[in-house]
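> See work-v8.txt below, with compact mmCIF, C-alpha atoms.
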```
# COMPACT_ATOMS: atom_id res chain seq x y z
CA MET A 1 58.61 23.28 58.49
CA LEU A 2 61.13 24.43 55.89
CA ILE A 3 62.13 20.83 55.14
CA LEU A 4 58.47 19.90 54.70
CA LEU A 5 57.92 22.78 52.27
CA ALA A 6 61.04 21.77 50.32
CA ALA A 7 59.83 18.16 50.15
CA ILE A 8 56.42 19.28 48.87
CA PHE A 9 58.11 21.48 46.27
CA VAL A 10 60.27 18.55 45.09
CA LEU A 11 57.22 16.26 44.95
CA HIS A 12 55.36 18.85 42.89
CA ILE A 13 58.29 19.30 40.48
CA LEU A 14 58.59 15.52 40.12
CA ALA A 15 54.89 15.29 39.27
CA ILE A 16 55.27 18.04 36.65
CA ILE A 17 58.24 16.28 35.04
CA LEU A 18 56.38 12.96 34.90
CA LEU A 19 53.29 14.65 33.46
CA LEU A 20 55.34 16.34 30.75
CA VAL A 21 57.20 13.15 29.83
CA ALA A 22 53.97 11.16 29.75
CA THR A 23 52.32 13.74 27.52
CA ILE A 24 55.21 14.42 25.14
CA ASP A 25 57.11 11.14 24.79
CA ASN A 26 56.08 8.47 22.31
CA ALA A 27 55.40 5.28 24.22
CA TRP A 28 51.82 4.86 25.38
CA TRP A 29 51.44 1.65 23.37
CA VAL A 30 54.44 -0.27 22.02
CA THR A 31 55.23 -3.40 20.05
CA ASN A 32 58.55 -4.57 18.70
CA ASP A 33 58.23 -2.35 15.61
CA ILE A 34 55.63 0.27 16.56
CA SER A 35 55.57 2.98 19.20
CA THR A 36 52.35 4.95 19.64
CA ASP A 37 51.47 7.92 21.79
CA VAL A 38 48.52 10.26 21.90
CA TRP A 39 49.90 12.39 19.07
CA ALA A 40 51.39 10.06 16.45
CA ARG A 41 52.82 6.65 15.70
CA TRP A 42 56.41 5.68 14.95
CA ILE A 43 57.15 2.60 12.85
CA ASN A 44 60.55 0.93 12.81
CA GLN A 45 61.53 0.09 9.22
CA ASN A 46 65.02 -1.35 8.76
CA GLY A 47 66.26 0.24 11.97
CA ILE A 48 64.88 3.69 11.15
CA TRP A 49 61.94 5.08 13.10
CA ASN A 50 59.47 6.80 10.76
CA TYR A 51 56.85 9.24 11.96
CA THR A 52 53.31 8.46 10.79
CA ASP A 53 49.82 9.59 11.64
CA LEU A 54 47.68 7.65 14.05
CA PRO A 55 45.53 4.93 12.48
CA ASP A 56 42.14 5.94 11.09
CA HIS A 57 40.31 3.46 13.31
CA TYR A 58 41.17 5.48 16.43
CA PRO A 59 38.01 7.22 17.68
CA THR A 60 38.75 10.90 17.09
CA GLU A 61 36.57 12.28 19.88
CA TYR A 62 38.19 10.07 22.49
CA LEU A 63 41.66 10.79 21.17
CA GLN A 64 41.06 14.53 21.42
CA ALA A 65 39.73 14.09 24.95
CA VAL A 66 42.90 12.22 25.93
CA GLN A 67 45.12 14.86 24.33
CA ALA A 68 43.26 17.77 25.91
CA SER A 69 43.14 16.17 29.35
CA ALA A 70 46.87 15.38 29.30
CA VAL A 71 47.77 18.92 28.27
CA LEU A 72 45.41 20.42 30.86
CA ALA A 73 46.98 18.25 33.56
CA CYS A 74 50.39 19.69 32.71
CA ILE A 75 49.06 23.25 32.66
CA PHE A 76 47.21 22.92 35.97
CA SER A 77 50.21 21.40 37.69
CA ILE A 78 52.58 24.09 36.39
CA ILE A 79 50.19 26.84 37.49
CA GLY A 80 49.93 25.08 40.85
CA ILE A 81 53.68 25.30 41.50
CA PHE A 82 53.71 29.02 40.73
CA VAL A 83 50.70 29.57 42.97
CA PHE A 84 52.42 27.55 45.72
CA VAL A 85 55.48 29.80 45.65
CA ALA A 86 53.36 32.95 45.45
CA GLN A 87 51.17 31.85 48.37
CA LEU A 88 54.15 31.33 50.62
CA PHE A 89 54.86 35.05 50.57
CA THR A 90 51.44 36.65 50.16
CA LEU A 91 48.66 34.83 52.01
CA PRO A 92 48.23 34.56 55.79
CA LYS A 93 48.45 31.24 57.58
CA GLY A 94 45.39 29.07 57.21
CA GLN A 95 44.77 30.15 53.63
CA ARG A 96 48.13 29.42 52.08
CA PHE A 97 47.84 26.13 50.27
CA THR A 98 44.18 25.92 49.29
CA ILE A 99 44.59 27.23 45.74
CA SER A 100 47.65 25.04 45.11
CA GLY A 101 45.70 22.04 46.31
CA VAL A 102 42.83 22.88 43.96
CA PHE A 103 45.17 23.12 40.97
CA GLN A 104 46.79 19.82 41.90
CA ILE A 105 43.46 18.05 42.28
CA LEU A 106 42.43 19.42 38.86
CA ALA A 107 45.68 18.09 37.37
CA CYS A 108 45.04 14.77 39.10
CA LEU A 109 41.54 14.52 37.65
CA CYS A 110 42.70 15.49 34.16
CA ILE A 111 45.45 12.88 33.95
CA MET A 112 43.11 10.27 35.41
CA ILE A 113 40.57 11.09 32.71
CA ALA A 114 43.21 10.89 29.98
CA ALA A 115 44.65 7.56 31.12
CA SER A 116 41.22 6.07 31.80
CA ILE A 117 39.87 6.95 28.36
CA TYR A 118 43.04 5.62 26.76
CA THR A 119 42.69 2.37 28.70
CA ASP A 120 39.02 1.95 27.85
CA ARG A 121 38.94 2.97 24.18
CA PHE A 122 42.28 2.13 22.57
CA HIS A 123 44.11 -1.11 21.72
CA LEU A 124 41.39 -3.40 23.04
CA ASP A 125 41.43 -5.70 20.01
CA GLU A 126 45.18 -5.77 19.46
CA ALA A 127 46.74 -9.12 20.31
CA GLN A 128 50.32 -7.90 20.27
CA GLY A 129 51.73 -5.00 22.18
CA TRP A 130 51.80 -3.62 25.67
CA TYR A 131 51.40 -0.33 27.46
CA GLY A 132 54.59 1.69 27.32
CA HIS A 133 56.46 3.71 29.88
CA CYS A 134 54.55 6.93 29.18
CA TYR A 135 51.26 5.26 29.99
CA ILE A 136 52.74 3.99 33.25
CA LEU A 137 54.20 7.43 34.01
CA ALA A 138 50.76 8.95 33.49
CA TRP A 139 49.32 6.71 36.20
CA ILE A 140 52.29 7.37 38.50
CA SER A 141 51.84 11.12 37.99
CA PHE A 142 48.15 10.66 38.82
CA ALA A 143 49.17 9.20 42.18
CA LEU A 144 51.77 11.90 42.83
CA THR A 145 49.42 14.76 42.02
CA PHE A 146 46.74 13.20 44.20
CA ILE A 147 49.17 12.82 47.10
CA SER A 148 50.47 16.36 46.73
CA SER A 149 46.95 17.78 46.60
CA ILE A 150 46.06 15.95 49.81
CA ILE A 151 49.25 17.24 51.42
CA TYR A 152 48.35 20.80 50.42
CA PHE A 153 44.91 20.51 52.01
CA VAL A 154 46.27 18.88 55.17
CA LEU A 155 49.08 21.40 55.43
CA ARG A 156 46.56 24.23 55.17
CA LYS A 157 44.83 22.86 58.28
CA LYS A 158 48.11 22.43 60.16
CA THR A 159 49.25 26.01 59.66
CA ALA A 160 45.99 27.62 60.82
```
Take the structure from the file and write it as structure tokens.

Amino acid sequence: MLILLAAIFVLHILAIILLLVATIDNAWWVTNDISTDVWARWINQNGIWNYTDLPDHYPTEYLQAVQASAVLACIFSIIGIFVFVAQLFTLPKGQRFTISGVFQILACLCIMIAASIYTDRFHLDEAQGWYGHCYILAWISFALTFISSIIYFVLRKKTA
């Protein structure tokens, strides 16, 4: 059981790291000379990357929804790991991992919302460019948070 708990802890930490990298790093949409994330755009001019604001044609409401959802996913997942550790020592068997599972499913839903809105509303008419590693990490972290939330709920049933 201790190995299982350690594996769940490592999975949760991995999901947090991927969520943070996906939210903070600057590669949701990239071309050869432009790197864009949900916060700003970097343009390569003569080998120097210059920070610029996002283009004006980005829909502001959707952009703010993506930003808020990505940040909330990070917050929920970080709270979930602290709750997980606290539950190990405070709650009786059968009730231990419910709250951690709820926080992970909330993080899962938030990052799914952020990546889905970004997919549906941004870069649809751009002929050049591709989704960057942060966008891919957001979807991978969606899968990891979903898996860990399911594990928390299943593990709650097993320990009862």
> Quick one: of A:Gln87, A:Leu14, A:Val30, A:Leu2, who's nearest to His133 in chain A, counting only C-alpha atoms?
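Answer, going by the shortest atom-to-atom distance: A:Val30.
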> Could you check which of A:Trp28, A:Leu155, A:Leu54, A:Phe84 is closest to Ala40 in chain A, using all atoms listed in the file?
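Between A:Trp28, A:Leu155, A:Leu54, A:Phe84, the residue approaching Ala40 in chain A most closely is A:Leu54.
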> Tell me which of A:Asn32, A:Asn50, A:Gln128, A:Ser100 sits closest to Ile151 in chain A, counting all atoms listed in the file.
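Looking at the shortest contact to Ile151 in chain A, the residue is A:Ser100.
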> I'd like to know which of A:Ile43, A:Leu124, A:Leu106, A:Val85 is closest to Ala27 in chain A, using all atoms listed in the file.
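Closest residue, counting all atoms listed in the file: A:Ile43.
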> Using all atoms listed in the file, which of A:Ser69, A:Gln45, A:Ser141, A:Asn26 sits nearest Ile13 in chain A?
A:Ser141
